[in-house]
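Below: protein33.pdb (PDB, C-alpha atoms and all ligand atoms)
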ATOM      1  CA  MET C 189      31.419  -8.951   4.091  1.00  0.00           C
ATOM      2  CA  ALA C 190      27.726  -8.724   3.274  1.00  0.00           C
ATOM      3  CA  ALA C 191      26.335  -9.801   6.605  1.00  0.00           C
ATOM      4  CA  PHE C 192      22.652  -9.082   6.114  1.00  0.00           C
ATOM      5  CA  THR C 193      21.925 -11.575   3.348  1.00  0.00           C
ATOM      6  CA  SER C 194      18.940 -13.818   2.724  1.00  0.00           C
ATOM      7  CA  PRO C 195      18.970 -16.929   4.911  1.00  0.00           C
ATOM      8  CA  GLU C 196      19.519 -19.480   2.114  1.00  0.00           C
ATOM      9  CA  THR C 197      22.445 -18.171   0.045  1.00  0.00           C
ATOM     10  CA  ALA C 198      23.757 -21.638  -0.875  1.00  0.00           C
ATOM     11  CA  ASP C 199      20.391 -22.980  -2.054  1.00  0.00           C
ATOM     12  CA  ARG C 200      20.040 -22.531  -5.829  1.00  0.00           C
ATOM     13  CA  THR C 201      16.279 -23.132  -5.823  1.00  0.00           C
ATOM     14  CA  ALA C 202      15.742 -20.555  -3.092  1.00  0.00           C
ATOM     15  CA  PHE C 203      17.993 -18.164  -5.028  1.00  0.00           C
ATOM     16  CA  GLU C 204      15.929 -18.569  -8.223  1.00  0.00           C
ATOM     17  CA  ARG C 205      12.683 -18.209  -6.275  1.00  0.00           C
ATOM     18  CA  ARG C 206      13.900 -15.063  -4.540  1.00  0.00           C
ATOM     19  CA  TRP C 207      15.050 -13.398  -7.772  1.00  0.00           C
ATOM     20  CA  ALA C 208      11.824 -14.333  -9.563  1.00  0.00           C
ATOM     21  CA  ARG C 209       9.912 -12.626  -6.765  1.00  0.00           C
ATOM     22  CA  LEU C 210      12.159  -9.542  -6.771  1.00  0.00           C
ATOM     23  CA  ARG C 211      12.107  -9.185 -10.568  1.00  0.00           C
ATOM     24  CA  SER C 212       8.311  -9.276 -10.680  1.00  0.00           C
ATOM     25  CA  ASP C 213       8.009  -6.747  -7.843  1.00  0.00           C
ATOM     26  CA  ASP C 214       7.445  -3.303  -9.396  1.00  0.00           C
ATOM     27  CA  SER C 215       8.587  -1.566  -6.231  1.00  0.00           C
ATOM     28  CA  THR C 216      12.153  -2.828  -6.693  1.00  0.00           C
ATOM     29  CA  THR C 217      14.656  -1.614  -9.290  1.00  0.00           C
ATOM     30  CA  ASN C 218      17.216  -4.272 -10.232  1.00  0.00           C
ATOM     31  CA  ARG C 219      20.155  -3.943 -12.587  1.00  0.00           C
ATOM     32  CA  VAL C 220      22.864  -6.331 -13.678  1.00  0.00           C
ATOM     33  CA  ILE C 221      26.355  -4.842 -13.607  1.00  0.00           C
ATOM     34  CA  GLU C 222      28.258  -5.734 -16.778  1.00  0.00           C
ATOM     35  CA  LEU C 223      31.874  -5.141 -17.701  1.00  0.00           C
ATOM     36  CA  ASP C 224      33.098  -5.987 -21.197  1.00  0.00           C
ATOM     37  CA  ASP C 225      29.939  -8.053 -21.845  1.00  0.00           C
ATOM     38  CA  ARG C 226      30.516 -10.032 -18.656  1.00  0.00           C
ATOM     39  CA  VAL C 227      28.157 -10.114 -15.669  1.00  0.00           C
ATOM     40  CA  VAL C 228      30.173  -8.930 -12.665  1.00  0.00           C
ATOM     41  CA  GLY C 229      27.446  -8.106 -10.150  1.00  0.00           C
ATOM     42  CA  HIS C 230      24.107  -6.548  -9.417  1.00  0.00           C
ATOM     43  CA  ILE C 231      22.699  -3.409  -7.844  1.00  0.00           C
ATOM     44  CA  ALA C 232      19.183  -2.744  -6.666  1.00  0.00           C
ATOM     45  CA  SER C 233      16.885  -0.452  -4.723  1.00  0.00           C
ATOM     46  CA  PHE C 234      13.861  -1.460  -2.682  1.00  0.00           C
ATOM     47  CA  ASP C 235      11.450  -0.231  -0.021  1.00  0.00           C
ATOM     48  CA  MET C 236      12.195  -1.193   3.562  1.00  0.00           C
ATOM     49  CA  GLU C 237      10.006   0.044   6.423  1.00  0.00           C
ATOM     50  CA  GLY C 238       9.024   3.178   4.501  1.00  0.00           C
ATOM     51  CA  ARG C 239      12.567   3.977   3.373  1.00  0.00           C
ATOM     52  CA  ARG C 240      14.161   3.549  -0.030  1.00  0.00           C
ATOM     53  CA  GLU C 241      17.357   1.478   0.304  1.00  0.00           C
ATOM     54  CA  ILE C 242      20.057   0.247  -2.034  1.00  0.00           C
ATOM     55  CA  THR C 243      22.117  -2.914  -2.146  1.00  0.00           C
ATOM     56  CA  TYR C 244      24.873  -4.191  -4.442  1.00  0.00           C
ATOM     57  CA  TRP C 245      27.231  -7.094  -4.923  1.00  0.00           C
ATOM     58  CA  ILE C 246      30.342  -7.551  -7.076  1.00  0.00           C
ATOM     59  CA  GLY C 247      31.868 -10.991  -7.797  1.00  0.00           C
ATOM     60  CA  ARG C 248      35.026 -11.462  -5.741  1.00  0.00           C
ATOM     61  CA  GLU C 249      37.329 -11.819  -8.761  1.00  0.00           C
ATOM     62  CA  ASP C 250      36.454  -8.236  -9.756  1.00  0.00           C
ATOM     63  CA  TRP C 251      36.864  -6.493  -6.412  1.00  0.00           C
ATOM     64  CA  GLY C 252      39.154  -3.498  -6.081  1.00  0.00           C
ATOM     65  CA  ARG C 253      38.751  -2.222  -9.631  1.00  0.00           C
ATOM     66  CA  GLY C 254      36.335   0.638  -8.916  1.00  0.00           C
ATOM     67  CA  ILE C 255      33.381  -1.264 -10.362  1.00  0.00           C
ATOM     68  CA  ALA C 256      31.013  -0.835  -7.387  1.00  0.00           C
ATOM     69  CA  THR C 257      31.761   2.884  -7.254  1.00  0.00           C
ATOM     70  CA  ARG C 258      31.052   3.333 -10.964  1.00  0.00           C
ATOM     71  CA  ALA C 259      27.931   1.178 -10.808  1.00  0.00           C
ATOM     72  CA  LEU C 260      26.566   3.078  -7.819  1.00  0.00           C
ATOM     73  CA  ARG C 261      27.249   6.453  -9.449  1.00  0.00           C
ATOM     74  CA  GLU C 262      25.316   5.368 -12.545  1.00  0.00           C
ATOM     75  CA  PHE C 263      22.531   3.803 -10.504  1.00  0.00           C
ATOM     76  CA  LEU C 264      22.042   7.054  -8.562  1.00  0.00           C
ATOM     77  CA  GLN C 265      21.039   8.706 -11.851  1.00  0.00           C
ATOM     78  CA  LEU C 266      18.389   6.041 -12.345  1.00  0.00           C
ATOM     79  CA  GLU C 267      17.119   5.833  -8.757  1.00  0.00           C
ATOM     80  CA  ALA C 268      15.963   9.373  -8.046  1.00  0.00           C
ATOM     81  CA  SER C 269      14.447   8.850  -4.553  1.00  0.00           C
ATOM     82  CA  ARG C 270      15.971  10.971  -1.836  1.00  0.00           C
ATOM     83  CA  PRO C 271      16.748  10.464   0.866  1.00  0.00           C
ATOM     84  CA  LEU C 272      18.204   7.113  -0.135  1.00  0.00           C
ATOM     85  CA  TYR C 273      19.466   4.745   2.547  1.00  0.00           C
ATOM     86  CA  ALA C 274      22.081   1.996   2.715  1.00  0.00           C
ATOM     87  CA  ARG C 275      23.207  -0.365   5.429  1.00  0.00           C
ATOM     88  CA  ALA C 276      26.573  -2.061   5.795  1.00  0.00           C
ATOM     89  CA  ALA C 277      28.161  -4.251   8.433  1.00  0.00           C
ATOM     90  CA  SER C 278      30.348  -1.926  10.513  1.00  0.00           C
ATOM     91  CA  ASP C 279      33.463  -3.867   9.473  1.00  0.00           C
ATOM     92  CA  ASN C 280      32.631  -3.781   5.733  1.00  0.00           C
ATOM     93  CA  ALA C 281      35.104  -0.965   5.093  1.00  0.00           C
ATOM     94  CA  ALA C 282      35.063  -1.379   1.308  1.00  0.00           C
ATOM     95  CA  SER C 283      31.295  -0.956   1.071  1.00  0.00           C
ATOM     96  CA  ILE C 284      31.258   2.000   3.463  1.00  0.00           C
ATOM     97  CA  ARG C 285      34.013   3.562   1.351  1.00  0.00           C
ATOM     98  CA  VAL C 286      32.029   3.023  -1.873  1.00  0.00           C
ATOM     99  CA  LEU C 287      28.994   4.701  -0.308  1.00  0.00           C
ATOM    100  CA  THR C 288      30.840   7.681   1.152  1.00  0.00           C
ATOM    101  CA  LYS C 289      32.685   8.224  -2.159  1.00  0.00           C
ATOM    102  CA  CYS C 290      29.232   8.573  -3.726  1.00  0.00           C
ATOM    103  CA  GLY C 291      28.039  11.125  -1.192  1.00  0.00           C
ATOM    104  CA  PHE C 292      26.376   8.979   1.489  1.00  0.00           C
ATOM    105  CA  LEU C 293      26.935   9.999   5.098  1.00  0.00           C
ATOM    106  CA  ILE C 294      26.824   7.738   8.147  1.00  0.00           C
ATOM    107  CA  VAL C 295      23.709   8.744  10.087  1.00  0.00           C
ATOM    108  CA  GLY C 296      23.253   5.909  12.546  1.00  0.00           C
ATOM    109  CA  GLU C 297      24.133   2.509  13.925  1.00  0.00           C
ATOM    110  CA  ASP C 298      22.100  -0.618  14.378  1.00  0.00           C
ATOM    111  CA  ARG C 299      22.541  -4.212  15.423  1.00  0.00           C
ATOM    112  CA  GLY C 300      20.702  -7.255  14.216  1.00  0.00           C
ATOM    113  CA  PHE C 301      20.896 -10.939  13.377  1.00  0.00           C
ATOM    114  CA  ALA C 302      22.915 -11.399  10.154  1.00  0.00           C
ATOM    115  CA  HIS C 303      22.208 -14.582   8.203  1.00  0.00           C
ATOM    116  CA  GLY C 304      25.491 -14.168   6.289  1.00  0.00           C
ATOM    117  CA  ARG C 305      27.402 -14.588   9.559  1.00  0.00           C
ATOM    118  CA  ASN C 306      24.887 -16.455  11.663  1.00  0.00           C
ATOM    119  CA  GLU C 307      25.335 -14.014  14.524  1.00  0.00           C
ATOM    120  CA  GLU C 308      24.294 -10.625  15.846  1.00  0.00           C
ATOM    121  CA  THR C 309      26.240  -8.018  13.890  1.00  0.00           C
ATOM    122  CA  ASP C 310      26.798  -4.277  14.168  1.00  0.00           C
ATOM    123  CA  GLU C 311      25.891  -2.231  11.130  1.00  0.00           C
ATOM    124  CA  VAL C 312      25.989   1.394  10.091  1.00  0.00           C
ATOM    125  CA  VAL C 313      23.143   3.246   8.412  1.00  0.00           C
ATOM    126  CA  LEU C 314      24.053   5.682   5.656  1.00  0.00           C
ATOM    127  CA  ARG C 315      21.929   8.281   3.891  1.00  0.00           C
ATOM    128  CA  LEU C 316      22.173  10.254   0.673  1.00  0.00           C
ATOM    129  CA  ASP C 317      20.168  13.477   0.712  1.00  0.00           C
ATOM    130  CA  ALA C 318      20.827  15.056  -2.674  1.00  0.00           C
TER
HETATM  131  C1  LIG F   1      31.851  -4.017  -1.137  1.00  0.00           C
HETATM  132  C2  LIG F   1      32.028  -4.278  -2.650  1.00  0.00           C
HETATM  133  C3  LIG F   1      30.711  -3.995  -3.341  1.00  0.00           C
HETATM  134  C4  LIG F   1      33.105  -3.326  -3.168  1.00  0.00           C
HETATM  135  O1  LIG F   1      33.188  -3.491  -4.586  1.00  0.00           O
HETATM  136  P1  LIG F   1      34.465  -2.978  -5.409  1.00  0.00           P
HETATM  137  O2  LIG F   1      34.089  -2.977  -6.851  1.00  0.00           O
HETATM  138  O3  LIG F   1      35.657  -3.753  -4.994  1.00  0.00           O
HETATM  139  O4  LIG F   1      34.570  -1.459  -4.856  1.00  0.00           O
HETATM  140  P2  LIG F   1      35.452  -0.268  -5.485  1.00  0.00           P
HETATM  141  O5  LIG F   1      36.673  -0.841  -6.119  1.00  0.00           O
HETATM  142  O6  LIG F   1      34.560   0.596  -6.313  1.00  0.00           O
HETATM  143  O7  LIG F   1      35.828   0.590  -4.168  1.00  0.00           O
HETATM  144  C5  LIG F   1      36.287  -0.056  -3.000  1.00  0.00           C
HETATM  145  C6  LIG F   1      36.906   1.005  -2.092  1.00  0.00           C
HETATM  146  O8  LIG F   1      37.083   0.446  -0.791  1.00  0.00           O
HETATM  147  C7  LIG F   1      38.459   0.501  -0.443  1.00  0.00           C
HETATM  148  N1  LIG F   1      38.733  -0.682   0.374  1.00  0.00           N
HETATM  149  C8  LIG F   1      38.721  -1.983  -0.033  1.00  0.00           C
HETATM  150  N2  LIG F   1      38.997  -2.772   1.024  1.00  0.00           N
HETATM  151  C9  LIG F   1      39.172  -1.962   2.085  1.00  0.00           C
HETATM  152  C10 LIG F   1      39.478  -2.167   3.454  1.00  0.00           C
HETATM  153  N3  LIG F   1      39.650  -3.401   3.950  1.00  0.00           N
HETATM  154  N4  LIG F   1      39.591  -1.102   4.268  1.00  0.00           N
HETATM  155  C11 LIG F   1      39.403   0.169   3.804  1.00  0.00           C
HETATM  156  N5  LIG F   1      39.103   0.429   2.490  1.00  0.00           N
HETATM  157  C12 LIG F   1      38.991  -0.628   1.673  1.00  0.00           C
HETATM  158  C13 LIG F   1      39.192   0.516  -1.760  1.00  0.00           C
HETATM  159  O9  LIG F   1      40.510   1.025  -1.600  1.00  0.00           O
HETATM  160  C14 LIG F   1      38.276   1.445  -2.556  1.00  0.00           C
HETATM  161  O10 LIG F   1      38.424   2.799  -2.153  1.00  0.00           O
HETATM  162  P3  LIG F   1      39.353   3.832  -2.998  1.00  0.00           P
HETATM  163  O11 LIG F   1      38.743   3.946  -4.361  1.00  0.00           O
HETATM  164  O12 LIG F   1      39.273   5.096  -2.213  1.00  0.00           O
HETATM  165  O13 LIG F   1      40.734   3.257  -3.047  1.00  0.00           O
HETATM  166  C15 LIG F   1      32.475  -5.751  -2.922  1.00  0.00           C
HETATM  167  O14 LIG F   1      33.593  -6.062  -2.136  1.00  0.00           O
HETATM  168  C16 LIG F   1      31.382  -6.765  -2.636  1.00  0.00           C
HETATM  169  O15 LIG F   1      30.520  -7.011  -3.493  1.00  0.00           O
HETATM  170  N6  LIG F   1      31.412  -7.390  -1.430  1.00  0.00           N
HETATM  171  C17 LIG F   1      30.439  -8.424  -1.076  1.00  0.00           C
HETATM  172  C18 LIG F   1      29.018  -7.887  -1.040  1.00  0.00           C
HETATM  173  C19 LIG F   1      28.881  -6.662  -0.196  1.00  0.00           C
HETATM  174  O16 LIG F   1      29.569  -6.455   0.791  1.00  0.00           O
HETATM  175  N7  LIG F   1      27.947  -5.806  -0.631  1.00  0.00           N
HETATM  176  C20 LIG F   1      27.636  -4.581   0.074  1.00  0.00           C
HETATM  177  C21 LIG F   1      26.762  -4.870   1.224  1.00  0.00           C
HETATM  178  S1  LIG F   1      26.460  -3.364   2.158  1.00  0.00           S
END
What would you get if you wrote out this structure as structure tokens?
Ligand SMILES: CC(C)(COP(=O)(O)OP(=O)(O)OC[C@H]1O[C@@H](n2cnc3c(N)ncnc32)[C@H](O)[C@@H]1OP(=O)(O)O)[C@@H](O)C(=O)NCCC(=O)NCCS
Amino acid sequence: MAAFTSPETADRTAFERRWARLRSDDSTTNRVIELDDRVVGHIASFDMEGRREITYWIGREDWGRGIATRALREFLQLEASRPLYARAASDNAASIRVLTKCGFLIVGEDRGFAHGRNEETDEVVLRLDA
């Protein structure tokens, strides 16, 4: 579903290195998503080409329980930048639904190489203005 991932998702060392870099980068805001004292995902915002963007991920076993929607709603109180952007693969209906439920509107389309799929992939660009 998440097409535009880092190139080395299966490499634990690369994963640790990437998160160490992100966690020490003051320009990113990272939060763990917990449910009943269990880690179920993460949500973050970061600067990309002059725009503030968000990203999130929920463990598969917890999909479809409204967790991403609740996490994003809470995160939008913390991350005050507007406009705020998000990108999703065009076929990632669940993520697009989460974003539009939280007020994001589709404002554009793009296409790029997606490491998560190892192929060129269509994506939509969404924006939250208020
Ligand atoms: C996308 C993701 C974050 C959704 O998390 P979640 O906790 O299951 O999301 P929620 O339960 O809050 O909401 C999902 C919504 O999408 C809808 N949905 C799920 N699958 C769908 C599909 N195939 N087609 C249309 N709608 C779909 C659900 O019905 C729900 O909407 P509703 O509340 O109106 O019924 C999760 O699947 C995930 O982490 N995927 C992998 C990483 C990823 O894609 N991250 C986002 C990158 S942009």
Just want the 12 Å neighbourhood of Trp207 of chain C, counted on only C-alpha atoms, with same-chain residues fewer than 6 positions away dropped. Output as a VMD selection string. chain C and resid 194 197 200 to 201 213 216 to 219 230 232
Quick one: residues within 9 Å of ligand LIG 1 (chain F), with only C-alpha atoms and all ligand atoms, as a PyMOL selection string? chain C and resi 189-193+229-230+242-248+250-260+274-277+279-287+289
So which one's closest to Gly238 of chain C, C:Arg211, C:Tyr273, C:Glu311, C:Leu264? Using all atoms listed in the file, please.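 Among the listed residues, the smallest separation from Gly238 of chain C belongs to C:Tyr273.
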Running the PyMOL selection byres (((chain C and resi 317) around 9) and not hetatm) on this model by hand, what would come out? Give it as a PyMOL selection string. chain C and resi 270-273+291-293+315-316+318
With all atoms listed in the file as the counted atoms, please give the residues lying no more than 7 Å from Arg240 of chain C, apart from itself and same-chain residues fewer than 3 positions off, as a list in words.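 So the residues in contact are Ser233, Phe234, Asp235, Met236, Ser269, Leu272 and Tyr273 of chain C.
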Between C:Glu308, C:Ala202, C:Asp224, C:Ile231, which one has atoms that come closest to Leu266 of chain C, using all atoms listed in the file? C:Ile231
